[in-house]
Each structure stands twice: as structure tokens, then as C-alpha cells.
file model.txt (compact mmCIF, C-alpha atoms)
# COMPACT_ATOMS: atom_id res chain seq x y z
CA MET A 7 207.05 95.95 -13.31
CA ALA A 8 203.93 96.02 -11.23
CA ASP A 9 201.27 97.75 -13.23
CA PHE A 10 200.54 100.99 -11.52
CA PHE A 11 198.21 102.29 -14.17
CA ASP A 12 196.35 99.01 -14.29
CA SER A 13 195.69 99.50 -10.60
CA LEU A 14 194.08 102.84 -11.41
CA ASP A 15 191.97 101.12 -14.06
CA VAL A 16 190.86 98.54 -11.52
CA SER A 17 189.84 101.21 -9.02
CA ALA A 18 188.06 103.16 -11.75
CA SER A 19 186.09 100.07 -12.79
CA ALA A 20 184.96 99.63 -9.19
CA LEU A 21 183.83 103.25 -9.09
CA SER A 22 181.72 102.71 -12.20
CA ALA A 23 180.26 99.51 -10.81
CA GLU A 24 179.31 101.08 -7.50
CA ARG A 25 177.80 104.04 -9.28
CA LEU A 26 175.67 101.65 -11.31
CA ARG A 27 174.66 99.90 -8.12
CA MET A 28 173.62 103.25 -6.67
CA ASN A 29 171.51 103.86 -9.75
CA THR A 30 169.68 100.56 -9.37
CA ILE A 31 169.12 101.25 -5.69
CA SER A 32 167.69 104.69 -6.52
CA SER A 33 165.48 103.08 -9.11
CA ASN A 34 164.28 100.52 -6.56
CA LEU A 35 163.53 103.14 -3.95
CA ALA A 36 161.79 105.43 -6.40
CA ASN A 37 159.56 102.63 -7.66
CA ALA A 38 158.72 101.12 -4.30
CA GLN A 39 155.07 101.90 -4.86
CA THR A 40 154.81 101.34 -8.61
CA THR A 41 152.07 98.83 -9.39
CA ARG A 42 152.04 99.19 -13.17
CA THR A 43 154.92 98.55 -15.53
CA PRO A 44 155.17 98.19 -19.33
CA GLU A 45 155.96 94.49 -18.85
CA GLY A 46 152.81 94.06 -16.82
CA GLY A 47 152.55 93.54 -13.09
CA PRO A 48 154.22 95.53 -10.35
CA TYR A 49 157.76 96.82 -10.42
CA ARG A 50 160.35 94.19 -9.59
CA ARG A 51 163.46 95.27 -7.70
CA LYS A 52 166.69 95.15 -9.65
CA ASP A 53 170.14 93.98 -8.58
CA PRO A 54 173.44 94.31 -10.44
CA VAL A 55 175.57 91.21 -10.83
CA PHE A 56 179.30 91.78 -10.50
CA GLU A 57 182.02 89.65 -11.95
CA ALA A 58 185.79 89.83 -11.53
CA GLN A 59 187.39 90.18 -14.94
CA PRO A 60 191.17 89.64 -15.12
CA VAL A 61 193.06 92.55 -16.57
CA GLU A 62 194.85 91.48 -19.72
CA SER A 63 197.56 94.02 -20.17
CA PHE A 64 200.58 94.00 -22.39
CA LYS A 65 202.81 94.14 -19.35
CA THR A 66 201.39 91.05 -17.70
CA VAL A 67 201.90 89.11 -20.89
CA LEU A 68 205.49 90.29 -21.15
CA ASN A 69 206.46 89.67 -17.58
CA GLY A 70 205.55 86.03 -17.60
CA ALA A 71 206.63 84.89 -14.15
CA MET A 72 205.61 88.19 -12.64
CA ASP A 73 202.10 87.71 -13.96
CA VAL A 74 199.89 88.90 -11.20
CA PRO A 75 196.43 89.38 -12.62
CA MET A 76 194.33 92.18 -11.27
CA HIS A 77 190.60 92.06 -11.64
CA LYS A 78 188.41 94.76 -13.02
CA VAL A 79 184.84 94.77 -11.80
CA HIS A 80 182.55 93.93 -14.63
CA VAL A 81 178.80 94.30 -14.40
CA VAL A 82 177.46 91.21 -16.11
CA ASP A 83 173.82 92.08 -15.91
CA VAL A 84 171.17 93.89 -13.94
CA VAL A 85 168.72 91.20 -12.97
CA SER A 86 165.21 91.58 -11.78
CA ASP A 87 164.36 89.94 -8.53
CA SER A 88 162.21 86.94 -9.38
CA GLY A 89 160.68 86.62 -5.94
CA PRO A 90 156.93 86.94 -5.42
CA PRO A 91 155.47 90.44 -5.11
CA LYS A 92 154.08 91.68 -1.82
CA MET A 93 150.32 91.29 -1.63
CA VAL A 94 148.67 94.17 0.19
CA TYR A 95 144.98 94.28 0.94
CA ASN A 96 143.57 97.41 -0.65
CA PRO A 97 140.24 96.81 -2.48
CA ASP A 98 139.85 100.43 -3.51
CA HIS A 99 143.08 100.43 -5.49
CA PRO A 100 142.51 100.45 -9.30
CA ASP A 101 144.95 97.54 -9.68
CA ALA A 102 143.39 95.35 -7.02
CA ASN A 103 142.70 91.77 -8.00
CA PRO A 104 139.26 90.16 -7.50
CA GLU A 105 140.12 89.28 -3.90
CA GLY A 106 141.01 92.91 -3.15
CA PHE A 107 144.77 92.41 -2.97
CA VAL A 108 147.19 94.65 -4.79
CA ALA A 109 150.50 93.24 -5.98
CA MET A 110 153.12 95.68 -4.64
CA PRO A 111 156.79 95.73 -5.62
CA ASN A 112 159.01 93.45 -3.57
CA VAL A 113 161.19 96.37 -2.54
CA ASN A 114 162.30 96.34 1.07
CA THR A 115 163.18 99.94 1.89
CA MET A 116 165.43 99.02 4.81
CA GLU A 117 167.39 96.58 2.70
CA GLU A 118 167.82 99.17 -0.04
CA MET A 119 169.08 101.74 2.47
CA VAL A 120 171.67 99.32 3.83
CA ASN A 121 172.81 98.48 0.30
CA MET A 122 173.06 102.16 -0.43
CA ILE A 123 175.32 102.74 2.57
CA THR A 124 177.52 99.81 1.57
CA ALA A 125 177.75 101.07 -2.00
CA SER A 126 178.64 104.55 -0.79
CA ARG A 127 181.30 103.22 1.57
CA THR A 128 182.83 101.03 -1.12
CA TYR A 129 182.82 103.97 -3.51
CA GLU A 130 184.70 106.11 -1.00
CA ALA A 131 187.18 103.35 -0.31
CA ASN A 132 188.01 103.13 -4.02
CA VAL A 133 188.38 106.90 -4.22
CA THR A 134 190.87 106.66 -1.35
CA ALA A 135 192.74 103.95 -3.25
CA VAL A 136 193.05 106.25 -6.27
CA ASN A 137 194.21 109.16 -4.11
CA ILE A 138 196.82 107.09 -2.35
CA ALA A 139 198.07 105.74 -5.69
CA ARG A 140 198.42 109.28 -6.94
CA GLY A 141 200.29 110.27 -3.76
CA MET A 142 202.74 107.42 -4.24
CA MET A 143 203.40 108.40 -7.84
CA ALA A 144 203.97 112.01 -6.81
CA LYS A 145 206.44 110.80 -4.17
CA ALA A 146 208.27 108.75 -6.78
CA LEU A 147 208.58 111.79 -9.03
CA ASP A 148 210.19 113.62 -6.11
CA ILE A 149 213.14 111.26 -5.89
CA GLY A 150 216.23 113.23 -6.78
CA ARG A 151 214.38 116.51 -6.93
CA LYS A 152 216.18 117.93 -3.88
CA MET B 15 246.22 120.81 16.87
CA SER B 16 242.73 119.91 17.93
CA VAL B 17 239.46 120.24 16.07
CA HIS B 18 238.41 122.86 18.60
CA ALA B 19 241.25 125.09 17.49
CA ILE B 20 240.16 124.64 13.90
CA ALA B 21 236.59 125.47 14.80
CA SER B 22 237.56 128.59 16.67
CA SER B 23 239.85 129.70 13.89
CA ILE B 24 237.06 129.24 11.38
CA SER B 25 234.74 131.36 13.45
CA GLY B 26 237.50 133.91 13.87
CA LEU B 27 237.67 134.08 10.08
CA GLY B 28 240.98 132.27 10.03
CA ASN B 29 243.73 133.59 12.19
CA THR B 30 246.44 132.18 10.02
CA ARG B 31 249.27 133.08 12.33
CA GLU B 32 247.70 131.00 15.05
CA LEU B 33 247.27 128.25 12.51
CA MET B 34 250.90 128.39 11.54
CA HIS B 35 252.03 128.27 15.14
CA GLN B 36 249.85 125.31 15.84
CA SER B 37 250.94 123.48 12.73
CA ASN B 38 254.47 123.78 14.04
CA VAL B 39 253.33 122.22 17.24
CA GLU B 40 251.95 119.34 15.21
CA GLN B 41 255.46 118.44 14.06
CA GLY B 42 256.34 117.41 17.56
CA THR B 43 253.09 115.96 18.83
CA GLU B 44 253.08 115.72 22.56
CA ALA B 45 251.85 112.61 24.22
CA GLY B 46 248.13 112.82 25.02
CA GLN B 47 247.51 115.56 22.47
CA SER B 48 246.05 114.24 19.25
CA SER B 49 247.15 115.62 15.91
CA PHE B 50 244.81 117.05 13.34
CA SER B 51 245.17 114.01 11.10
CA GLN B 52 244.15 111.73 13.94
CA GLU B 53 241.13 113.89 14.71
CA LEU B 54 240.17 113.94 11.08
CA ASN B 55 240.48 110.18 10.85
CA GLN B 56 238.28 109.76 13.88
CA SER B 57 235.67 112.09 12.43
CA ILE B 58 235.71 110.22 9.13
CA ASN B 59 235.19 106.95 10.96
CA LYS B 60 232.37 108.42 13.00
CA VAL B 61 230.63 109.68 9.87
CA ASN B 62 231.09 106.25 8.32
CA ASP B 63 229.49 104.65 11.36
CA LEU B 64 226.58 107.07 11.23
CA LEU B 65 226.02 106.31 7.55
CA GLY B 66 226.12 102.60 8.33
CA ALA B 67 223.59 103.06 11.13
CA SER B 68 221.31 105.00 8.82
CA ASP B 69 221.54 102.27 6.16
CA LYS B 70 220.80 99.65 8.78
CA ALA B 71 217.76 101.56 10.04
CA THR B 72 216.27 101.99 6.57
CA THR B 73 216.92 98.33 5.74
CA GLU B 74 215.11 97.29 8.92
CA LEU B 75 212.16 99.38 7.78
CA ALA B 76 212.22 97.85 4.31
CA VAL B 77 212.20 94.26 5.56
CA GLY B 78 209.50 95.05 8.06
CA ARG B 79 211.60 94.18 11.08
CA SER B 80 211.15 97.61 12.60
CA GLU B 81 208.19 99.94 12.63
CA ASN B 82 210.38 102.77 13.91
CA LEU B 83 209.91 105.28 11.15
CA HIS B 84 211.17 108.26 13.14
CA GLU B 85 214.29 106.41 14.25
CA ALA B 86 215.25 105.74 10.64
CA MET B 87 214.55 109.30 9.58
CA ILE B 88 216.54 110.75 12.48
CA ALA B 89 219.46 108.41 11.81
CA THR B 90 219.47 109.43 8.14
CA GLU B 91 219.34 113.10 9.04
CA LYS B 92 222.17 112.71 11.57
CA ALA B 93 224.38 110.98 9.03
CA GLU B 94 223.62 113.60 6.42
CA SER B 95 224.40 116.50 8.75
CA ALA B 96 227.61 114.89 9.97
CA MET B 97 228.73 114.24 6.41
CA LYS B 98 227.98 117.79 5.32
CA PHE B 99 229.82 119.17 8.33
CA LEU B 100 232.82 116.98 7.58
CA VAL B 101 232.90 118.21 4.00
CA GLN B 102 232.86 121.80 5.18
CA VAL B 103 235.59 121.16 7.76
CA ARG B 104 237.67 119.56 5.03
CA ASN B 105 237.11 122.55 2.79
CA LYS B 106 238.13 124.98 5.48
CA ALA B 107 241.19 122.95 6.38
CA LEU B 108 242.18 122.91 2.72
CA ASP B 109 241.65 126.67 2.59
CA ALA B 110 243.89 127.15 5.58
CA TYR B 111 246.53 124.88 4.12
CA ARG B 112 246.59 126.72 0.83
CA GLU B 113 246.72 130.03 2.64
CA ILE B 114 249.75 128.88 4.56
CA MET B 115 251.47 127.48 1.50
CA ARG B 116 251.06 130.78 -0.25
CA MET B 117 253.04 132.61 2.36
CA GLN B 118 256.42 133.88 1.40
CA ILE B 119 258.98 132.74 3.86
CA MET C 8 231.76 99.48 -0.49
CA GLY C 9 232.65 99.00 -4.12
CA GLY C 10 231.17 101.32 -6.67
CA LEU C 11 229.28 104.55 -6.29
CA PHE C 12 225.95 103.05 -5.23
CA ASP C 13 225.81 100.78 -2.23
CA LYS C 14 223.63 97.76 -1.58
CA ASN C 15 221.25 99.81 0.50
CA VAL C 16 220.00 101.53 -2.66
CA ASP C 17 219.26 98.10 -4.15
CA VAL C 18 217.31 97.06 -1.08
CA LEU C 19 215.30 100.27 -0.95
CA SER C 20 214.64 100.21 -4.68
CA LYS C 21 213.43 96.61 -4.46
CA SER C 22 211.19 97.45 -1.54
CA LEU C 23 209.69 100.31 -3.56
CA ASP C 24 208.81 97.85 -6.33
CA MET C 25 207.20 95.59 -3.77
CA TYR C 26 205.19 98.31 -2.08
CA LEU C 27 203.84 99.24 -5.50
CA LEU C 28 202.81 95.66 -6.11
CA ARG C 29 201.22 95.48 -2.70
CA HIS C 30 199.19 98.59 -3.45
CA SER C 31 197.95 97.04 -6.69
CA VAL C 32 196.82 93.92 -4.85
CA ILE C 33 195.12 95.90 -2.08
CA ALA C 34 193.37 98.14 -4.63
CA ASP C 35 192.29 94.97 -6.42
CA ASN C 36 190.82 93.61 -3.18
CA ILE C 37 189.01 96.86 -2.44
CA ALA C 38 187.62 97.12 -5.97
CA ASN C 39 186.26 93.58 -5.76
CA ALA C 40 184.84 93.89 -2.26
CA GLU C 41 181.36 93.25 -3.63
CA THR C 42 182.23 90.65 -6.23
CA PRO C 43 180.89 87.19 -5.41
CA PHE C 44 183.42 84.40 -4.92
CA PHE C 45 186.35 86.82 -4.93
CA LYS C 46 189.17 85.86 -2.59
CA ALA C 47 191.27 88.62 -1.01
CA ARG C 48 195.02 88.32 -1.59
CA LYS C 49 198.10 89.44 0.30
CA VAL C 50 201.66 90.14 -0.72
CA ASP C 51 204.67 88.97 1.23
CA PHE C 52 208.18 89.91 0.19
CA GLU C 53 209.82 90.79 3.48
CA THR C 54 210.92 87.25 4.27
CA SER C 55 212.59 86.61 0.92
CA LEU C 56 214.14 90.09 0.94
CA GLN C 57 215.57 89.49 4.40
CA ARG C 58 216.97 86.18 3.26
CA ALA C 59 218.63 87.74 0.21
CA ILE C 60 220.19 90.45 2.39
CA ASP C 61 221.52 87.92 4.88
CA THR C 62 222.93 85.77 2.10
CA GLU C 63 224.75 88.71 0.58
CA ALA C 64 225.97 89.95 3.94
CA ALA C 65 227.43 86.53 4.69
CA GLY C 66 229.45 86.91 1.51
CA MET C 67 227.91 83.89 -0.13
CA SER C 68 227.03 84.08 -3.77
CA THR C 69 223.35 84.39 -4.42
CA GLY C 70 223.69 82.77 -7.80
CA ASP C 71 221.32 84.96 -9.76
CA ARG C 72 221.16 88.71 -9.51
CA GLY C 73 220.89 88.80 -5.74
CA ILE C 74 218.56 91.34 -4.23
CA ALA C 75 217.22 92.42 -7.60
CA SER C 76 215.79 88.96 -8.23
CA VAL C 77 213.82 88.62 -5.02
CA ASP C 78 210.32 87.51 -5.93
CA PRO C 79 207.22 88.34 -3.93
CA ILE C 80 204.69 85.78 -2.84
CA ILE C 81 201.06 86.57 -3.56
CA PHE C 82 198.68 84.33 -1.71
CA GLU C 83 195.16 84.11 -0.45
CA ASP C 84 194.85 84.63 3.25
CA ALA C 85 193.56 81.33 4.64
CA GLU C 86 192.35 82.88 7.87
CA SER C 87 190.13 85.57 6.40
CA GLU C 88 186.45 85.47 7.13
CA VAL C 89 184.14 84.39 4.37
CA GLY C 90 181.07 86.47 3.65
CA GLN C 91 177.72 85.26 2.45
CA ASP C 92 178.65 85.40 -1.22
CA LEU C 93 181.96 83.65 -0.47
CA ASN C 94 183.78 86.96 -0.78
CA THR C 95 186.66 87.25 1.70
CA VAL C 96 187.51 90.94 1.48
CA ASP C 97 187.63 92.71 4.84
CA MET C 98 187.29 96.38 3.95
CA ASP C 99 188.69 97.76 7.20
CA ARG C 100 191.75 95.55 7.05
CA GLU C 101 192.39 96.53 3.45
CA MET C 102 192.03 100.24 4.19
CA SER C 103 194.50 100.21 7.05
CA ALA C 104 196.90 98.02 5.07
CA MET C 105 196.73 100.51 2.22
CA THR C 106 197.51 103.43 4.52
CA LYS C 107 200.45 101.61 6.08
CA ASN C 108 201.78 100.69 2.66
CA ASP C 109 201.54 104.29 1.53
CA ILE C 110 203.64 105.44 4.50
CA GLN C 111 206.22 102.74 3.91
CA TYR C 112 206.47 103.68 0.26
CA SER C 113 206.96 107.33 1.16
CA ALA C 114 209.61 106.44 3.73
CA ALA C 115 211.61 104.33 1.28
CA ALA C 116 211.31 106.96 -1.47
CA GLU C 117 212.44 109.62 1.00
CA ALA C 118 215.41 107.54 2.12
CA ILE C 119 216.57 106.98 -1.46
CA SER C 120 216.05 110.65 -2.24
CA LYS C 121 218.19 111.75 0.70
CA LYS C 122 220.93 109.35 -0.30
CA PHE C 123 221.15 110.80 -3.78
CA ALA C 124 220.92 114.33 -2.43
CA LEU C 125 223.87 113.68 -0.13
CA LEU C 126 225.84 112.16 -2.97
CA LYS C 127 225.15 115.17 -5.15
CA TYR C 128 226.19 117.45 -2.33
CA CYS C 129 229.51 115.72 -1.82
CA ILE C 130 230.21 115.75 -5.52
CA SER C 131 229.55 119.44 -5.90
CA GLU C 132 230.73 120.78 -2.54
CA GLY C 133 233.82 118.63 -2.33
CA GLY C 134 235.39 120.69 -5.06
CA GLY C 135 234.91 123.86 -3.03
CA GLY C 136 237.40 125.35 -0.68
CA GLY C 137 239.68 126.37 -3.49
CA GLY C 138 241.22 129.72 -4.13
call {"tool": "encode", "arguments": {"input": "model.txt", "output": "C-alpha cells"}}
result
Amino acid sequence: MADFFDSLDVSASALSAERLRMNTISSNLANAQTTRTPEGGPYRRKDPVFEAQPVESFKTVLNGAMDVPMHKVHVVDVVSDSGPPKMVYNPDHPDANPEGFVAMPNVNTMEEMVNMITASRTYEANVTAVNIARGMMAKALDIGRK
Amino acid sequence: MSVHAIASSISGLGNTRELMHQSNVEQGTEAGQSSFSQELNQSINKVNDLLGASDKATTELAVGRSENLHEAMIATEKAESAMKFLVQVRNKALDAYREIMRMQI
Amino acid sequence: MGGLFDKNVDVLSKSLDMYLLRHSVIADNIANAETPFFKARKVDFETSLQRAIDTEAAGMSTGDRGIASVDPIIFEDAESEVGQDLNTVDMDREMSAMTKNDIQYSAAAEAISKKFALLKYCISEGGGGGG
């Protein structure tokens, strides 16, 4: 009936997605001061883009009327923020432009920290979902064991 | 013959002579004194009621009408204990009956 | 009560199915808490289950298979708050709903388990007292 194992897949996909988000946040924080990149210009902060992808399982196809699609979290892309870089006055910096301004990455540390906390909290919530699912399955196996 | 007599005879490891005497009394049941069969019937009905109450409590939980988890669990446990006790009483009564029937007159 | 297994087992078994479904939907909501445009969903089966029980209790025919054919309703909660990316998942609500659902599942599973245990007991012990 209801796809229990699909539910585990859904939770697992969310764990992967949040882990990826954490990686991009770490990358942003680590490169908050990077003024040189291979593509030229300062580092641009990155953001993952999530998309809900319906789970096409054999069971949902079979059940027809009981078709209740669940959605795996799919990371479509990791996009670079296209906003303008921060211009900081620092004429002694080797990458300063003729006016003495250095183009610094548009990474807002506070924003990244908040995103990190949200990602962490979401990750834990999905772990709880998996644990509770496992508890329910264990309980089901206990029926008739007495 | 009352259930109390049965209970005491069980704990006394079956005083069959007392049992026999009291089963003779049962033949001519006095007014106001219930017979064993009546007692048994009552107990069966009570167990039935308890089982029904337990079913009702769990159904209420399932349809979300009651949030009283402990009430349902207690009701189920009560019914289960009463049923198990009834089965044991029935077994003992059957034991006593067979014991009596085996006696040479 | 005709047959070995009473209606209560049907009701509890159906509710177990439904709790499972509800968990899937809640896990789905939690997984997509950060997905833009995702709308949180809820499961309601209690009303239709109650109706099926009442219909059967009143002795009326339920046409199809009765309690076993009760269908859940999965809907988007119209009152939920909408976030900036039009995502309507409220994490705290989902977490507490998941915990409650877990307890209800355990309770129903326990109730069914005890029923079968009692049945087994009567079947095996009822033959005792011989000799």
C-alpha cells in the first residue's frame, strides 16, 4: 500500500541535498576573502537550487487510485550569485583597481551562518523522520511476537 | 456453590469432599444463593463486556475521537486479565468435575 | 461476532495503513522544507473511517468492502503560512505531527498484537485442565 521504503528514499534524498547545501555554505565561508578565481574576478557565492521530483515507483503505478506521489529533493544546479561584488577601498591590495577599490566576494557571513543553522536543523529533522520510520517498522514486526 | 468456594478450594489444592458436598447443595438451590452455572454465566458476560469496552476504546483512538491512550491500554489489559482468569477458572472447574466423576461410588 | 476475527481488527489494521501513509506524507513535507513552491500536505482518514464504522454498526450494507475500502483524503492545508519562496512547510508542526503519528501507530500495533496474543492464549490454554 503506502510506500514505506519510498518514504525512506525521500528522507535520504533530503539528507543528501542538505549535505550539499552545507558544502556550498562552507565553500562560501571559506572563500569570503578570495579576490582571485580561475574565471577571473572575485569569488561569487554559490547557492544550490532544489526541486521536488515526484517518486515514480512501481507501486504507485500499480495502485492507480491510491497514487500519492512523494517528492524526492533533487538538486538542479548550484548557481553562482550574479549580484555585484562588494567594493572595498584598499589601495595597497595587489588586486585593487585604478580607483583603489578591491572587488570582494559578495558573501555575507551572517547570512551564511543563518543558512547553515537552517540546513543543520533540516538535516536533523530528516534524520528523525528516518528513525521514526524505522521504529514503526520494528513495531510492525513485533505484531504477534508475544 | 459460589465462586468464592471455588476460589478457596483451588487455593486449598482442591478439597474434593467439600466440592462434592457443595455440588449436592447445588441440586436444590436455595433462594438467594446463586448456583455455579449462574455465577459462571455472569462472569462470562462480564468478560464479554470488558472485551467490548476495550474494543470501543481502541476504536476511539483509531478514529481520533479520544486522545486517551492510557485508558485504552488499561481497558485492553483489564479485558485480557479477566479473560485469562476466566479460562483458568474454567480449567480448574473442569478438573474438579473430572475428579468427582472418577470417584467410585 | 461471526468468525474468528472481529471488526475491531479490521478497524485497527486500516488505521495502521493510514498512519503509515500519514508518515510518508509528513516525511515528504519535511524533506521538501527548503524546496521552492512546495506545498505541505495533510492526510485525513478519521472522518471517513468513522463513517464506515457507523454505517456497519447500524447494520446497513456498505456496498463495497466496508472498512477495508475506506480511502484517505490527502489535501493541501489552506491555512498554512506561506514562506518567501512560496513554500508552506512549517517544520515545527510537521515534527510534532510525526511524533504523534508514531505514538498512534505504536498504540494500534500494540492493540492488535494483544488481541492476537489473547486469542493464541485461549486456543492453547483452553485445552488444559485435562487429566
call {"tool": "atom_distance", "arguments": {"input": "model.txt", "atom1": "atom CA of A:Ala146", "atom2": "atom CA of C:Ser20"}}
result
10.9 Å
call {"tool": "residues_around", "arguments": {"input": "model.txt", "residues": "A:Phe56", "least_positions_apart": "3", "cutoff": "12 Å", "atoms": "all atoms listed in the file", "output": "list in words"}}
result
Ser19, Ala20, Ser22, Ala23, Glu24, Leu26, Arg27, Asp53, Gln59, His77, Lys78, Val79, His80, Val81, Val82, Asp83, Val84 and Val85 of chain A; Ala38, Asn39, Ala40, Glu41, Thr42, Pro43, Phe44, Phe45, Asp92 and Asn94 of chain C
call {"tool": "closest_atom_pairs", "arguments": {"input": "model.txt", "of": "chain B", "to": "chain C", "cutoff": "7 Å", "atoms": "all atoms listed in the file", "output": "tab-separated table"}}
result
residue	atom	partner	partner_atom	distance
B:Asp69	CA	C:Asn15	CA	6.2
B:Thr73	CA	C:Val18	CA	6.9
B:Ala76	CA	C:Ser22	CA	6.0
B:Val77	CA	C:Glu53	CA	4.7
B:Gly78	CA	C:Glu53	CA	6.3
B:Glu94	CA	C:Leu125	CA	6.6
B:Val101	CA	C:Gly133	CA	6.4
B:Asn105	CA	C:Gly136	CA	4.5
B:Lys106	CA	C:Gly136	CA	6.2
B:Leu108	CA	C:Gly136	CA	6.4
B:Asp109	CA	C:Gly136	CA	5.5
call {"tool": "axis_aligned_box", "arguments": {"input": "model.txt", "around": "stretch 114-122 of chain C", "padding_each_side": "6 Å", "output": "lines of an AutoDock Vina configuration file"}}
result
center_x = 215.3
center_y = 108.0
center_z = 0.7
size_x = 23.3
size_y = 19.4
size_z = 18.0
call {"tool": "closest_residue", "arguments": {"input": "model.txt", "among": "C:Ile130, C:Leu27, C:Ala59, C:Ala47", "to": "C:Ile74", "atoms": "only C-alpha atoms"}}
result
C:Ala59
call {"tool": "closest_residue", "arguments": {"input": "model.txt", "among": "A:Glu130, A:Asp87, A:Glu57, A:Asp101", "to": "chain C", "atoms": "only C-alpha atoms"}}
result
A:Glu57
call {"tool": "atom_distance", "arguments": {"input": "model.txt", "atom1": "atom CA of C:Lys49", "atom2": "atom CA of B:Ala86"}}
result
25.8 Å
call {"tool": "atom_distance", "arguments": {"input": "model.txt", "atom1": "atom CA of A:Ser17", "atom2": "atom CA of A:Ala144"}}
result
17.9 Å
call {"tool": "closest_residue", "arguments": {"input": "model.txt", "among": "C:Ser113, C:Ser103, C:Arg48, C:Glu86", "to": "chain A", "atoms": "all atoms listed in the file"}}
result
C:Ser113
call {"tool": "interface_residues", "arguments": {"input": "model.txt", "of": "chain A", "to": "chain C", "cutoff": "10 Å", "atoms": "all atoms listed in the file", "output": "ChimeraX atom specification"}}
result
/A:7-21,23-24,55-59,71-72,74-81,124-125,127-129,131-136,138-139,141-152
